[in-house]
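Trainee: The structure is given below, and queries will be raised subsequently.
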Amino acid sequence: MAADAPGPGDGVSLPPLVDHHCHGVLRREPDPGTFAALLTESDRPAAAGTTFFDTQTGFAVRRWCPPLLDLPAHCPPDRYLARRAELGPDETRRRLLGATGIGAYLLDTGLPGDLTGPDETAAAGGGTGHEIVRLETLAERVAAATHDAEEFLHALESAVRDAARTAVAFKSVAAYRHGLALDPRPPAPAALHGAARRWRAGAATRVTDPVLLRHLVQLAVATGRPLQLHTGFGDPDLRLHDADPALFTDFVRATADTGTDLVLLHCYPYHRQAAYLASVFPHVYADFGLTLTHTGTRATAVLAEFLELAPFGKLLFSTDAYGLPELYTVGSALFRTALASVLGDWTASGDWSAADARRVGAMLAADNARRVYGLPGG
């Protein structure tokens with residue numbers, strides 16, 4: 001979509017959005033149960049007698065997506081899903097992504113499943129695609145291809161360096177695997193080799209040892225590529241209190257002079273802690289993706305809370321869309337409407353000038369991400 005072109009929720013003139021953290025969508029047509037399950041961060045079924053359509057995300061999908069498939073807004077879920085199946089996954093994806101106003105997709109390729117990749121996702125939306133490499137997935141892939149701890153550690157360093165040549169960023173889900181209260185020091189060689197030997201000798205395939213997780217984030221920081229970190233809410237594999245970005249303060253402080261930017265993803269309900277870190281550490285940025293999608297009609301209030309303390313050059317737009325193209329549509333629509341409401345109120349009150357509101361809107365939508373990730377036009 002061209003600059004300043006209207007899209008779902010368009011209430012403020014913005015450049016093409018940079019979705020700096022997102023995921024692929026299903027290539028096949030999901031059945032109704034799969035579709036509903038992708039409206040939530042839960043990996044469990046809805047409670048008996050309830051549905052995930054009765055959530056802020058579910059209502060937002062029914063608000064913004066049906067008109068793009070030639071249906072009235074707020075149509076019943078069964079009617080929407082029938083129309084979606086009639087159009088098929090390719091046409092549905094083309095319509096929904098094409099209406100988002102997203103010009104660049106920075107896609108985390110670390111999730112399993114038959115999902116679209118960066119180029120395929122971007123082609124459906126008329127933008128450009130870029131890869132984000134998930135560190136834990138990379139380590140698990142390297143482990144499967146090596147025979148012992150020594151070979152694994154050597155190959156892992158090479159794999160991270162190689163990935164940095166083409167990826168725009170790395171991502172860590174250490175918040176899921178252990179928590180963010182990690183020792184900020186690089187692990188000692190003996191501890192690192194011991195952790196690698198124990199992991200390879202065990203039955204687990206996932207990296208959960210805090211020593212190995214520390215090593216992974218240190219390897220990523222050494223490349224100079226931005227490092228994204230999951231913080232805040234997620235699926236039930238997470239202990240929410242361990243994902244408070246304030247727990248990462250020691251690591252943030254230890255990396256202050258490395259030249260590598262840290263991007264705190266999602267953040268909610270710890271978005272004020274993330275905003276604080278972004279306000280006092282030059283290399284820390286915060287993201288409101290996922291949060292706006294799941295807060296729905298309350299997205300305006302939550303976006304205003306992000307803007308309370310964080311410098312405006314330190315906040316980034318994303319959708320964190322996964323599985324359903326609808327989540328790209330909803331994420332971009334809620335961002336646009338929330339931004340228009342917040343900046344409109346502050347301009348109408350005389351606290352901001354219209355010129356400053358336009359400038360900050362462009363920063364959040366695209367300019368900050370282009371600068372952080374070194375994208376063309378930044």
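Residue numbering restarts at 1 in every chain; chains get A, B, ... in the order shown in the structure tokens, and ligands count up from 1 in that same order.
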Show me a table, sorted first by chain and then by increasing residue number, of the residues of range 179-290 of chain A having an atom at most 12 Å from range 103-111 of chain A, each with its shortest atom pair and the distance in Å to one decimal, counting only C-alpha atoms and written as a Markdown table.

Mentor:
```
| residue | atom | partner | partner_atom | distance |
| --- | --- | --- | --- | --- |
| A:Leu227 | CA | A:Asp108 | CA | 11.9 |
| A:Gln228 | CA | A:Asp108 | CA | 10.1 |
| A:Leu229 | CA | A:Asp108 | CA | 11.7 |
| A:His230 | CA | A:Asp108 | CA | 11.8 |
```

Trainee: Residues at most 7 Å from range 171-185 of chain A, counting only C-alpha atoms, excluding those fewer than 6 positions away in the same chain, as a list in words?

Mentor: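 Using only C-alpha atoms, the neighbours found are Ile132, Val133, Arg134, Leu135, Glu136, Thr208, Pro210, Leu213, Arg214, Leu227, Gln228, Leu229, His230, Thr231, Asp237, Leu238, Asp242, Ala243, Pro245, Leu247, Phe248, Asp250, Phe251 and Ala254 of chain A.
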
Trainee: Give me, as a JSON list (two decimals) with all heavy atoms, in the first residue's frame, the residues of range 163-251 of chain A that a backbone DSSP run labels helix (DSSP H, G or I).

Mentor:
```json
[["chain", "number", "residue", "atom", "x", "y", "z"],
["A", 163, "ALA", "N", 24.31, -16.38, 10.53],
["A", 163, "ALA", "CA", 22.96, -15.82, 10.49],
["A", 163, "ALA", "C", 22.98, -14.31, 10.49],
["A", 163, "ALA", "O", 22.13, -13.66, 9.85],
["A", 163, "ALA", "CB", 22.15, -16.34, 11.68],
["A", 164, "ALA", "N", 23.95, -13.72, 11.17],
["A", 164, "ALA", "CA", 24.03, -12.26, 11.26],
["A", 164, "ALA", "C", 24.32, -11.62, 9.90],
["A", 164, "ALA", "O", 24.08, -10.42, 9.72],
["A", 164, "ALA", "CB", 25.10, -11.86, 12.26],
["A", 174, "ALA", "N", 14.22, -16.45, 26.07],
["A", 174, "ALA", "CA", 14.72, -16.84, 27.39],
["A", 174, "ALA", "C", 13.67, -16.63, 28.48],
["A", 174, "ALA", "O", 13.66, -17.34, 29.48],
["A", 174, "ALA", "CB", 15.98, -16.05, 27.72],
["A", 175, "ALA", "N", 12.77, -15.67, 28.29],
["A", 175, "ALA", "CA", 11.71, -15.44, 29.27],
["A", 175, "ALA", "C", 10.85, -16.67, 29.45],
["A", 175, "ALA", "O", 10.36, -16.95, 30.55],
["A", 175, "ALA", "CB", 10.85, -14.25, 28.84],
["A", 176, "TYR", "N", 10.64, -17.41, 28.37],
["A", 176, "TYR", "CA", 9.88, -18.66, 28.43],
["A", 176, "TYR", "C", 10.72, -19.78, 29.03],
["A", 176, "TYR", "O", 10.24, -20.58, 29.83],
["A", 176, "TYR", "CB", 9.47, -19.09, 27.02],
["A", 176, "TYR", "CG", 8.21, -18.48, 26.50],
["A", 176, "TYR", "CD1", 8.23, -17.33, 25.73],
["A", 176, "TYR", "CD2", 6.98, -19.07, 26.75],
["A", 176, "TYR", "CE1", 7.07, -16.77, 25.23],
["A", 176, "TYR", "CE2", 5.81, -18.53, 26.25],
["A", 176, "TYR", "CZ", 5.85, -17.39, 25.49],
["A", 176, "TYR", "OH", 4.70, -16.84, 25.01],
["A", 177, "ARG", "N", 11.97, -19.87, 28.60],
["A", 177, "ARG", "CA", 12.77, -21.05, 28.92],
["A", 177, "ARG", "C", 13.34, -21.03, 30.34],
["A", 177, "ARG", "O", 13.59, -22.06, 30.92],
["A", 177, "ARG", "CB", 13.92, -21.15, 27.90],
["A", 177, "ARG", "CG", 13.46, -21.24, 26.44],
["A", 177, "ARG", "CD", 12.58, -22.44, 26.18],
["A", 177, "ARG", "NE", 12.16, -22.53, 24.80],
["A", 177, "ARG", "CZ", 12.89, -23.07, 23.81],
["A", 177, "ARG", "NH1", 14.09, -23.55, 24.08],
["A", 177, "ARG", "NH2", 12.42, -23.12, 22.59],
["A", 189, "PRO", "N", 34.12, -20.70, 30.65],
["A", 189, "PRO", "CA", 34.22, -21.86, 29.74],
["A", 189, "PRO", "C", 33.85, -23.19, 30.38],
["A", 189, "PRO", "O", 33.15, -24.00, 29.77],
["A", 189, "PRO", "CB", 35.69, -21.82, 29.31],
["A", 189, "PRO", "CG", 36.07, -20.37, 29.42],
["A", 189, "PRO", "CD", 35.31, -19.85, 30.60],
["A", 190, "ALA", "N", 34.30, -23.43, 31.62],
["A", 190, "ALA", "CA", 33.99, -24.72, 32.26],
["A", 190, "ALA", "C", 32.49, -24.88, 32.48],
["A", 190, "ALA", "O", 31.93, -25.95, 32.26],
["A", 190, "ALA", "CB", 34.74, -24.83, 33.58],
["A", 191, "ALA", "N", 31.84, -23.80, 32.91],
["A", 191, "ALA", "CA", 30.39, -23.86, 33.13],
["A", 191, "ALA", "C", 29.65, -24.06, 31.82],
["A", 191, "ALA", "O", 28.67, -24.82, 31.74],
["A", 191, "ALA", "CB", 29.92, -22.59, 33.82],
["A", 192, "LEU", "N", 30.12, -23.39, 30.78],
["A", 192, "LEU", "CA", 29.47, -23.51, 29.47],
["A", 192, "LEU", "C", 29.59, -24.93, 28.92],
["A", 192, "LEU", "O", 28.60, -25.52, 28.47],
["A", 192, "LEU", "CB", 30.10, -22.50, 28.50],
["A", 192, "LEU", "CG", 29.57, -22.52, 27.07],
["A", 192, "LEU", "CD1", 28.08, -22.24, 27.04],
["A", 192, "LEU", "CD2", 30.33, -21.49, 26.22],
["A", 193, "HIS", "N", 30.78, -25.49, 28.96],
["A", 193, "HIS", "CA", 30.96, -26.85, 28.44],
["A", 193, "HIS", "C", 30.19, -27.87, 29.28],
["A", 193, "HIS", "O", 29.62, -28.83, 28.75],
["A", 193, "HIS", "CB", 32.45, -27.20, 28.41],
["A", 193, "HIS", "CG", 33.18, -26.57, 27.26],
["A", 193, "HIS", "ND1", 33.54, -25.24, 27.25],
["A", 193, "HIS", "CD2", 33.59, -27.09, 26.07],
["A", 193, "HIS", "CE1", 34.15, -24.97, 26.11],
["A", 193, "HIS", "NE2", 34.19, -26.07, 25.38],
["A", 194, "GLY", "N", 30.15, -27.64, 30.60],
["A", 194, "GLY", "CA", 29.37, -28.53, 31.45],
["A", 194, "GLY", "C", 27.89, -28.49, 31.12],
["A", 194, "GLY", "O", 27.22, -29.53, 31.05],
["A", 195, "ALA", "N", 27.36, -27.29, 30.91],
["A", 195, "ALA", "CA", 25.94, -27.16, 30.56],
["A", 195, "ALA", "C", 25.64, -27.81, 29.22],
["A", 195, "ALA", "O", 24.60, -28.47, 29.05],
["A", 195, "ALA", "CB", 25.56, -25.68, 30.52],
["A", 196, "ALA", "N", 26.54, -27.63, 28.25],
["A", 196, "ALA", "CA", 26.34, -28.24, 26.94],
["A", 196, "ALA", "C", 26.36, -29.76, 27.03],
["A", 196, "ALA", "O", 25.54, -30.44, 26.41],
["A", 196, "ALA", "CB", 27.40, -27.75, 25.96],
["A", 197, "ARG", "N", 27.27, -30.31, 27.83],
["A", 197, "ARG", "CA", 27.34, -31.77, 27.99],
["A", 197, "ARG", "C", 26.08, -32.30, 28.66],
["A", 197, "ARG", "O", 25.51, -33.33, 28.23],
["A", 197, "ARG", "CB", 28.57, -32.15, 28.79],
["A", 197, "ARG", "CG", 29.88, -32.05, 28.00],
["A", 197, "ARG", "CD", 31.01, -32.74, 28.74],
["A", 197, "ARG", "NE", 31.28, -32.09, 30.03],
["A", 197, "ARG", "CZ", 32.14, -31.10, 30.19],
["A", 197, "ARG", "NH1", 32.82, -30.62, 29.15],
["A", 197, "ARG", "NH2", 32.35, -30.58, 31.39],
["A", 198, "ARG", "N", 25.60, -31.62, 29.70],
["A", 198, "ARG", "CA", 24.40, -32.09, 30.40],
["A", 198, "ARG", "C", 23.18, -32.05, 29.49],
["A", 198, "ARG", "O", 22.36, -32.97, 29.51],
["A", 198, "ARG", "CB", 24.15, -31.22, 31.64],
["A", 198, "ARG", "CG", 25.15, -31.46, 32.77],
["A", 198, "ARG", "CD", 24.68, -30.78, 34.04],
["A", 198, "ARG", "NE", 24.55, -29.33, 33.89],
["A", 198, "ARG", "CZ", 25.54, -28.47, 34.07],
["A", 198, "ARG", "NH1", 26.76, -28.90, 34.37],
["A", 198, "ARG", "NH2", 25.34, -27.17, 33.93],
["A", 199, "TRP", "N", 23.07, -30.98, 28.70],
["A", 199, "TRP", "CA", 21.91, -30.87, 27.81],
["A", 199, "TRP", "C", 21.94, -31.98, 26.77],
["A", 199, "TRP", "O", 20.93, -32.65, 26.53],
["A", 199, "TRP", "CB", 21.90, -29.49, 27.14],
["A", 199, "TRP", "CG", 20.75, -29.30, 26.19],
["A", 199, "TRP", "CD1", 19.45, -29.63, 26.40],
["A", 199, "TRP", "CD2", 20.81, -28.75, 24.87],
["A", 199, "TRP", "NE1", 18.68, -29.31, 25.30],
["A", 199, "TRP", "CE2", 19.50, -28.76, 24.36],
["A", 199, "TRP", "CE3", 21.84, -28.22, 24.10],
["A", 199, "TRP", "CZ2", 19.20, -28.28, 23.08],
["A", 199, "TRP", "CZ3", 21.55, -27.73, 22.83],
["A", 199, "TRP", "CH2", 20.24, -27.76, 22.33],
["A", 200, "ARG", "N", 23.08, -32.22, 26.18],
["A", 200, "ARG", "CA", 23.15, -33.23, 25.12],
["A", 200, "ARG", "C", 23.00, -34.64, 25.67],
["A", 200, "ARG", "O", 22.53, -35.54, 24.97],
["A", 200, "ARG", "CB", 24.47, -33.09, 24.36],
["A", 200, "ARG", "CG", 24.59, -31.77, 23.60],
["A", 200, "ARG", "CD", 25.78, -31.80, 22.68],
["A", 200, "ARG", "NE", 25.67, -32.89, 21.72],
["A", 200, "ARG", "CZ", 25.03, -32.81, 20.56],
["A", 200, "ARG", "NH1", 24.45, -31.69, 20.21],
["A", 200, "ARG", "NH2", 24.98, -33.84, 19.75],
["A", 201, "ALA", "N", 23.35, -34.83, 26.92],
["A", 201, "ALA", "CA", 23.22, -36.16, 27.52],
["A", 201, "ALA", "C", 21.80, -36.45, 27.98],
["A", 201, "ALA", "O", 21.44, -37.61, 28.21],
["A", 201, "ALA", "CB", 24.19, -36.30, 28.69],
["A", 210, "PRO", "N", 20.04, -22.02, 32.01],
["A", 210, "PRO", "CA", 20.34, -20.58, 32.01],
["A", 210, "PRO", "C", 21.75, -20.27, 31.52],
["A", 210, "PRO", "O", 21.99, -19.19, 30.96],
["A", 210, "PRO", "CB", 20.15, -20.17, 33.47],
["A", 210, "PRO", "CG", 20.24, -21.43, 34.25],
["A", 210, "PRO", "CD", 19.70, -22.49, 33.36],
["A", 211, "VAL", "N", 22.69, -21.19, 31.69],
["A", 211, "VAL", "CA", 24.05, -20.96, 31.19],
["A", 211, "VAL", "C", 24.05, -20.92, 29.67],
["A", 211, "VAL", "O", 24.67, -20.04, 29.05],
["A", 211, "VAL", "CB", 25.02, -22.04, 31.72],
["A", 211, "VAL", "CG1", 26.39, -21.89, 31.07],
["A", 211, "VAL", "CG2", 25.13, -21.95, 33.24],
["A", 212, "LEU", "N", 23.35, -21.86, 29.04],
["A", 212, "LEU", "CA", 23.29, -21.87, 27.58],
["A", 212, "LEU", "C", 22.49, -20.67, 27.05],
["A", 212, "LEU", "O", 22.84, -20.10, 26.02],
["A", 212, "LEU", "CB", 22.67, -23.18, 27.09],
["A", 212, "LEU", "CG", 23.49, -24.44, 27.36],
["A", 212, "LEU", "CD1", 22.72, -25.67, 26.89],
["A", 212, "LEU", "CD2", 24.84, -24.37, 26.66],
["A", 213, "LEU", "N", 21.44, -20.30, 27.76],
["A", 213, "LEU", "CA", 20.66, -19.13, 27.34],
["A", 213, "LEU", "C", 21.51, -17.86, 27.42],
["A", 213, "LEU", "O", 21.46, -17.01, 26.51],
["A", 213, "LEU", "CB", 19.41, -18.99, 28.20],
["A", 213, "LEU", "CG", 18.37, -20.10, 28.03],
["A", 213, "LEU", "CD1", 17.29, -19.98, 29.10],
["A", 213, "LEU", "CD2", 17.75, -20.07, 26.64],
["A", 214, "ARG", "N", 22.28, -17.72, 28.48],
["A", 214, "ARG", "CA", 23.20, -16.58, 28.60],
["A", 214, "ARG", "C", 24.19, -16.57, 27.46],
["A", 214, "ARG", "O", 24.50, -15.51, 26.87],
["A", 214, "ARG", "CB", 23.95, -16.64, 29.92],
["A", 214, "ARG", "CG", 23.14, -16.27, 31.14],
["A", 214, "ARG", "CD", 23.84, -16.73, 32.41],
["A", 214, "ARG", "NE", 25.21, -16.25, 32.51],
["A", 214, "ARG", "CZ", 26.14, -16.83, 33.29],
["A", 214, "ARG", "NH1", 25.83, -17.90, 34.00],
["A", 214, "ARG", "NH2", 27.35, -16.33, 33.35],
["A", 215, "HIS", "N", 24.71, -17.74, 27.13],
["A", 215, "HIS", "CA", 25.69, -17.84, 26.04],
["A", 215, "HIS", "C", 25.06, -17.41, 24.71],
["A", 215, "HIS", "O", 25.69, -16.67, 23.93],
["A", 215, "HIS", "CB", 26.21, -19.26, 25.95],
["A", 215, "HIS", "CG", 27.26, -19.47, 24.91],
["A", 215, "HIS", "ND1", 28.44, -18.76, 24.88],
["A", 215, "HIS", "CD2", 27.31, -20.34, 23.84],
["A", 215, "HIS", "CE1", 29.18, -19.15, 23.85],
["A", 215, "HIS", "NE2", 28.51, -20.10, 23.20],
["A", 216, "LEU", "N", 23.85, -17.84, 24.47],
["A", 216, "LEU", "CA", 23.17, -17.48, 23.22],
["A", 216, "LEU", "C", 23.00, -15.97, 23.09],
["A", 216, "LEU", "O", 23.29, -15.39, 22.04],
["A", 216, "LEU", "CB", 21.80, -18.16, 23.16],
["A", 216, "LEU", "CG", 21.77, -19.62, 22.74],
["A", 216, "LEU", "CD1", 20.36, -20.19, 22.92],
["A", 216, "LEU", "CD2", 22.21, -19.76, 21.28],
["A", 217, "VAL", "N", 22.50, -15.32, 24.15],
["A", 217, "VAL", "CA", 22.29, -13.88, 24.03],
["A", 217, "VAL", "C", 23.62, -13.13, 23.93],
["A", 217, "VAL", "O", 23.72, -12.11, 23.23],
["A", 217, "VAL", "CB", 21.41, -13.33, 25.17],
["A", 217, "VAL", "CG1", 20.01, -13.91, 25.09],
["A", 217, "VAL", "CG2", 22.01, -13.58, 26.53],
["A", 218, "GLN", "N", 24.66, -13.64, 24.58],
["A", 218, "GLN", "CA", 25.97, -13.01, 24.45],
["A", 218, "GLN", "C", 26.52, -13.15, 23.03],
["A", 218, "GLN", "O", 27.10, -12.21, 22.48],
["A", 218, "GLN", "CB", 26.95, -13.62, 25.46],
["A", 218, "GLN", "CG", 26.62, -13.35, 26.92],
["A", 218, "GLN", "CD", 26.91, -11.93, 27.36],
["A", 218, "GLN", "OE1", 27.47, -11.14, 26.59],
["A", 218, "GLN", "NE2", 26.54, -11.59, 28.58],
["A", 219, "LEU", "N", 26.32, -14.31, 22.42],
["A", 219, "LEU", "CA", 26.75, -14.49, 21.02],
["A", 219, "LEU", "C", 26.03, -13.52, 20.11],
["A", 219, "LEU", "O", 26.63, -12.93, 19.20],
["A", 219, "LEU", "CB", 26.49, -15.93, 20.57],
["A", 219, "LEU", "CG", 27.37, -17.03, 21.14],
["A", 219, "LEU", "CD1", 26.87, -18.41, 20.65],
["A", 219, "LEU", "CD2", 28.83, -16.83, 20.74],
["A", 220, "ALA", "N", 24.74, -13.36, 20.34],
["A", 220, "ALA", "CA", 23.96, -12.45, 19.50],
["A", 220, "ALA", "C", 24.41, -11.01, 19.69],
["A", 220, "ALA", "O", 24.58, -10.26, 18.71],
["A", 220, "ALA", "CB", 22.47, -12.58, 19.82],
["A", 221, "VAL", "N", 24.61, -10.59, 20.93],
["A", 221, "VAL", "CA", 25.07, -9.22, 21.20],
["A", 221, "VAL", "C", 26.39, -8.95, 20.50],
["A", 221, "VAL", "O", 26.62, -7.84, 19.98],
["A", 221, "VAL", "CB", 25.17, -8.99, 22.72],
["A", 221, "VAL", "CG1", 25.94, -7.71, 23.02],
["A", 221, "VAL", "CG2", 23.79, -8.93, 23.35],
["A", 222, "ALA", "N", 27.26, -9.94, 20.46],
["A", 222, "ALA", "CA", 28.59, -9.76, 19.85],
["A", 222, "ALA", "C", 28.52, -9.49, 18.36],
["A", 222, "ALA", "O", 29.46, -8.93, 17.79],
["A", 222, "ALA", "CB", 29.46, -10.98, 20.12],
["A", 223, "THR", "N", 27.41, -9.86, 17.70],
["A", 223, "THR", "CA", 27.30, -9.62, 16.25],
["A", 223, "THR", "C", 26.97, -8.17, 15.93],
["A", 223, "THR", "O", 27.15, -7.74, 14.79],
["A", 223, "THR", "CB", 26.21, -10.51, 15.63],
["A", 223, "THR", "OG1", 24.91, -10.07, 16.06],
["A", 223, "THR", "CG2", 26.42, -11.98, 15.97],
["A", 240, "LEU", "N", 4.55, -15.58, 34.20],
["A", 240, "LEU", "CA", 4.47, -14.16, 33.87],
["A", 240, "LEU", "C", 5.42, -13.32, 34.70],
["A", 240, "LEU", "O", 6.07, -12.41, 34.17],
["A", 240, "LEU", "CB", 3.03, -13.67, 34.03],
["A", 240, "LEU", "CG", 2.78, -12.20, 33.63],
["A", 240, "LEU", "CD1", 3.13, -11.97, 32.17],
["A", 240, "LEU", "CD2", 1.33, -11.82, 33.89],
["A", 241, "HIS", "N", 5.54, -13.61, 35.98],
["A", 241, "HIS", "CA", 6.40, -12.77, 36.81],
["A", 241, "HIS", "C", 7.87, -12.88, 36.42],
["A", 241, "HIS", "O", 8.66, -11.98, 36.71],
["A", 241, "HIS", "CB", 6.22, -13.13, 38.29],
["A", 241, "HIS", "CG", 6.63, -14.52, 38.64],
["A", 241, "HIS", "ND1", 5.83, -15.62, 38.40],
["A", 241, "HIS", "CD2", 7.76, -15.01, 39.21],
["A", 241, "HIS", "CE1", 6.43, -16.71, 38.82],
["A", 241, "HIS", "NE2", 7.61, -16.38, 39.30],
["A", 242, "ASP", "N", 8.25, -13.96, 35.75],
["A", 242, "ASP", "CA", 9.63, -14.11, 35.29],
["A", 242, "ASP", "C", 9.89, -13.35, 33.99],
["A", 242, "ASP", "O", 11.04, -13.29, 33.53],
["A", 242, "ASP", "CB", 9.97, -15.58, 35.07],
["A", 242, "ASP", "CG", 10.11, -16.34, 36.39],
["A", 242, "ASP", "OD1", 10.44, -15.70, 37.40],
["A", 242, "ASP", "OD2", 9.89, -17.56, 36.39],
["A", 243, "ALA", "N", 8.84, -12.80, 33.38],
["A", 243, "ALA", "CA", 8.97, -12.09, 32.12],
["A", 243, "ALA", "C", 8.88, -10.58, 32.27],
["A", 243, "ALA", "O", 8.72, -9.86, 31.28],
["A", 243, "ALA", "CB", 7.90, -12.58, 31.13],
["A", 245, "PRO", "N", 10.29, -7.16, 32.29],
["A", 245, "PRO", "CA", 11.55, -6.65, 31.75],
["A", 245, "PRO", "C", 12.46, -6.01, 32.78],
["A", 245, "PRO", "O", 13.68, -5.92, 32.58],
["A", 245, "PRO", "CB", 11.12, -5.65, 30.68],
["A", 245, "PRO", "CG", 9.69, -5.32, 31.00],
["A", 245, "PRO", "CD", 9.12, -6.54, 31.64],
["A", 246, "ALA", "N", 11.92, -5.58, 33.92],
["A", 246, "ALA", "CA", 12.77, -5.01, 34.96],
["A", 246, "ALA", "C", 13.78, -6.03, 35.47],
["A", 246, "ALA", "O", 14.86, -5.66, 35.94],
["A", 246, "ALA", "CB", 11.91, -4.49, 36.11],
["A", 247, "LEU", "N", 13.45, -7.32, 35.38],
["A", 247, "LEU", "CA", 14.38, -8.37, 35.80],
["A", 247, "LEU", "C", 15.63, -8.41, 34.92],
["A", 247, "LEU", "O", 16.64, -8.99, 35.31],
["A", 247, "LEU", "CB", 13.69, -9.73, 35.76],
["A", 247, "LEU", "CG", 12.52, -9.94, 36.71],
["A", 247, "LEU", "CD1", 11.83, -11.26, 36.42],
["A", 247, "LEU", "CD2", 13.00, -9.89, 38.15],
["A", 248, "PHE", "N", 15.54, -7.81, 33.75],
["A", 248, "PHE", "CA", 16.64, -7.85, 32.78],
["A", 248, "PHE", "C", 17.58, -6.66, 32.95],
["A", 248, "PHE", "O", 18.51, -6.48, 32.15],
["A", 248, "PHE", "CB", 16.04, -7.86, 31.37],
["A", 248, "PHE", "CG", 16.89, -8.54, 30.34],
["A", 248, "PHE", "CD1", 17.31, -9.84, 30.50],
["A", 248, "PHE", "CD2", 17.25, -7.87, 29.18],
["A", 248, "PHE", "CE1", 18.08, -10.47, 29.54],
["A", 248, "PHE", "CE2", 18.02, -8.49, 28.21],
["A", 248, "PHE", "CZ", 18.44, -9.80, 28.40],
["A", 249, "THR", "N", 17.37, -5.86, 33.98],
["A", 249, "THR", "CA", 18.11, -4.61, 34.14],
["A", 249, "THR", "C", 19.62, -4.83, 34.20],
["A", 249, "THR", "O", 20.40, -4.06, 33.60],
["A", 249, "THR", "CB", 17.63, -3.85, 35.38],
["A", 249, "THR", "OG1", 16.24, -3.58, 35.25],
["A", 249, "THR", "CG2", 18.39, -2.55, 35.54],
["A", 250, "ASP", "N", 20.07, -5.84, 34.92],
["A", 250, "ASP", "CA", 21.51, -6.06, 35.04],
["A", 250, "ASP", "C", 22.13, -6.39, 33.68],
["A", 250, "ASP", "O", 23.23, -5.91, 33.35],
["A", 250, "ASP", "CB", 21.81, -7.20, 36.03],
["A", 250, "ASP", "CG", 21.56, -6.79, 37.47],
["A", 250, "ASP", "OD1", 21.46, -5.57, 37.74],
["A", 250, "ASP", "OD2", 21.46, -7.68, 38.33],
["A", 251, "PHE", "N", 21.43, -7.20, 32.89],
["A", 251, "PHE", "CA", 21.93, -7.50, 31.54],
["A", 251, "PHE", "C", 21.93, -6.25, 30.68],
["A", 251, "PHE", "O", 22.88, -6.00, 29.92],
["A", 251, "PHE", "CB", 21.08, -8.59, 30.89],
["A", 251, "PHE", "CG", 21.60, -9.04, 29.55],
["A", 251, "PHE", "CD1", 22.48, -10.09, 29.45],
["A", 251, "PHE", "CD2", 21.20, -8.40, 28.38],
["A", 251, "PHE", "CE1", 22.97, -10.51, 28.22],
["A", 251, "PHE", "CE2", 21.69, -8.80, 27.14],
["A", 251, "PHE", "CZ", 22.57, -9.86, 27.06]]
```

Trainee: Within 9 Å of Glu140 in chain A, counting only C-alpha atoms, which residues qualify if same-chain residues fewer than 6 places away don't, as a tab-separated table (two decimals) with all heavy atoms, in the first residue's frame?

Mentor:
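Dumped to around.tsv:
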```tsv
chain	number	residue	atom	x	y	z
A	205	THR	N	14.99	-31.71	24.31
A	205	THR	CA	15.48	-31.11	23.06
A	205	THR	C	15.47	-29.58	23.13
A	205	THR	O	16.17	-28.93	22.35
A	205	THR	CB	14.60	-31.54	21.87
A	205	THR	OG1	13.24	-31.18	22.14
A	205	THR	CG2	14.69	-33.06	21.66
A	206	ARG	N	14.72	-29.00	24.06
A	206	ARG	CA	14.65	-27.55	24.17
A	206	ARG	C	15.77	-27.02	25.05
A	206	ARG	O	16.12	-27.63	26.06
A	206	ARG	CB	13.31	-27.11	24.76
A	206	ARG	CG	12.11	-27.49	23.94
A	206	ARG	CD	10.91	-26.61	24.21
A	206	ARG	NE	10.71	-26.34	25.61
A	206	ARG	CZ	9.91	-25.37	26.07
A	206	ARG	NH1	9.27	-24.59	25.24
A	206	ARG	NH2	9.75	-25.17	27.37
A	207	VAL	N	16.30	-25.87	24.66
A	207	VAL	CA	17.31	-25.20	25.48
A	207	VAL	C	16.61	-24.49	26.63
A	207	VAL	O	15.83	-23.56	26.42
A	207	VAL	CB	18.10	-24.16	24.65
A	207	VAL	CG1	19.16	-23.50	25.52
A	207	VAL	CG2	18.72	-24.79	23.44
```

Trainee: Write out as JSON, numbers by chain the residues lying within 9 Å of Arg28 in chain A, counting only C-alpha atoms and excluding same-chain residues fewer than 5 positions away.

Mentor: {"A": [88, 89, 90, 114, 115]}

Trainee: What does the distance from CA of Asp54 in chain A to CA of Leu39 in chain A come to in Å, to one decimal?

Mentor: 9.8 Å

Trainee: Show me, as a CSV table (one decimal) with N, CA, C and O atoms, in the first residue's frame, the residues that have an atom within 9 Å of Leu68 in chain A when counting only C-alpha atoms, minus same-chain residues fewer than 3 positions from it.

Mentor:
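The resulting part-v5.csv:
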```
chain,number,residue,atom,x,y,z
A,64,TRP,N,-13.0,-5.5,12.0
A,64,TRP,CA,-12.1,-5.0,11.0
A,64,TRP,C,-12.0,-5.9,9.7
A,64,TRP,O,-11.8,-5.4,8.6
A,65,CYS,N,-12.2,-7.2,9.9
A,65,CYS,CA,-11.9,-8.1,8.8
A,65,CYS,C,-13.1,-8.4,7.8
A,65,CYS,O,-12.9,-8.5,6.6
A,71,LEU,N,-18.2,-8.7,3.6
A,71,LEU,CA,-19.2,-9.0,4.6
A,71,LEU,C,-19.4,-7.8,5.4
A,71,LEU,O,-18.5,-7.0,5.5
A,92,THR,N,-7.8,-14.9,0.7
A,92,THR,CA,-8.0,-14.3,2.0
A,92,THR,C,-6.7,-13.6,2.5
A,92,THR,O,-6.8,-12.4,3.0
A,95,ARG,N,-6.1,-10.3,0.5
A,95,ARG,CA,-7.0,-9.2,0.8
A,95,ARG,C,-6.7,-8.6,2.2
A,95,ARG,O,-6.7,-7.4,2.4
A,96,LEU,N,-6.5,-9.5,3.2
A,96,LEU,CA,-6.3,-9.0,4.5
A,96,LEU,C,-4.9,-8.3,4.7
A,96,LEU,O,-4.8,-7.3,5.3
A,99,ALA,N,-4.5,-4.9,2.9
A,99,ALA,CA,-5.2,-3.7,3.5
A,99,ALA,C,-4.6,-3.1,4.7
A,99,ALA,O,-5.1,-2.2,5.3
```
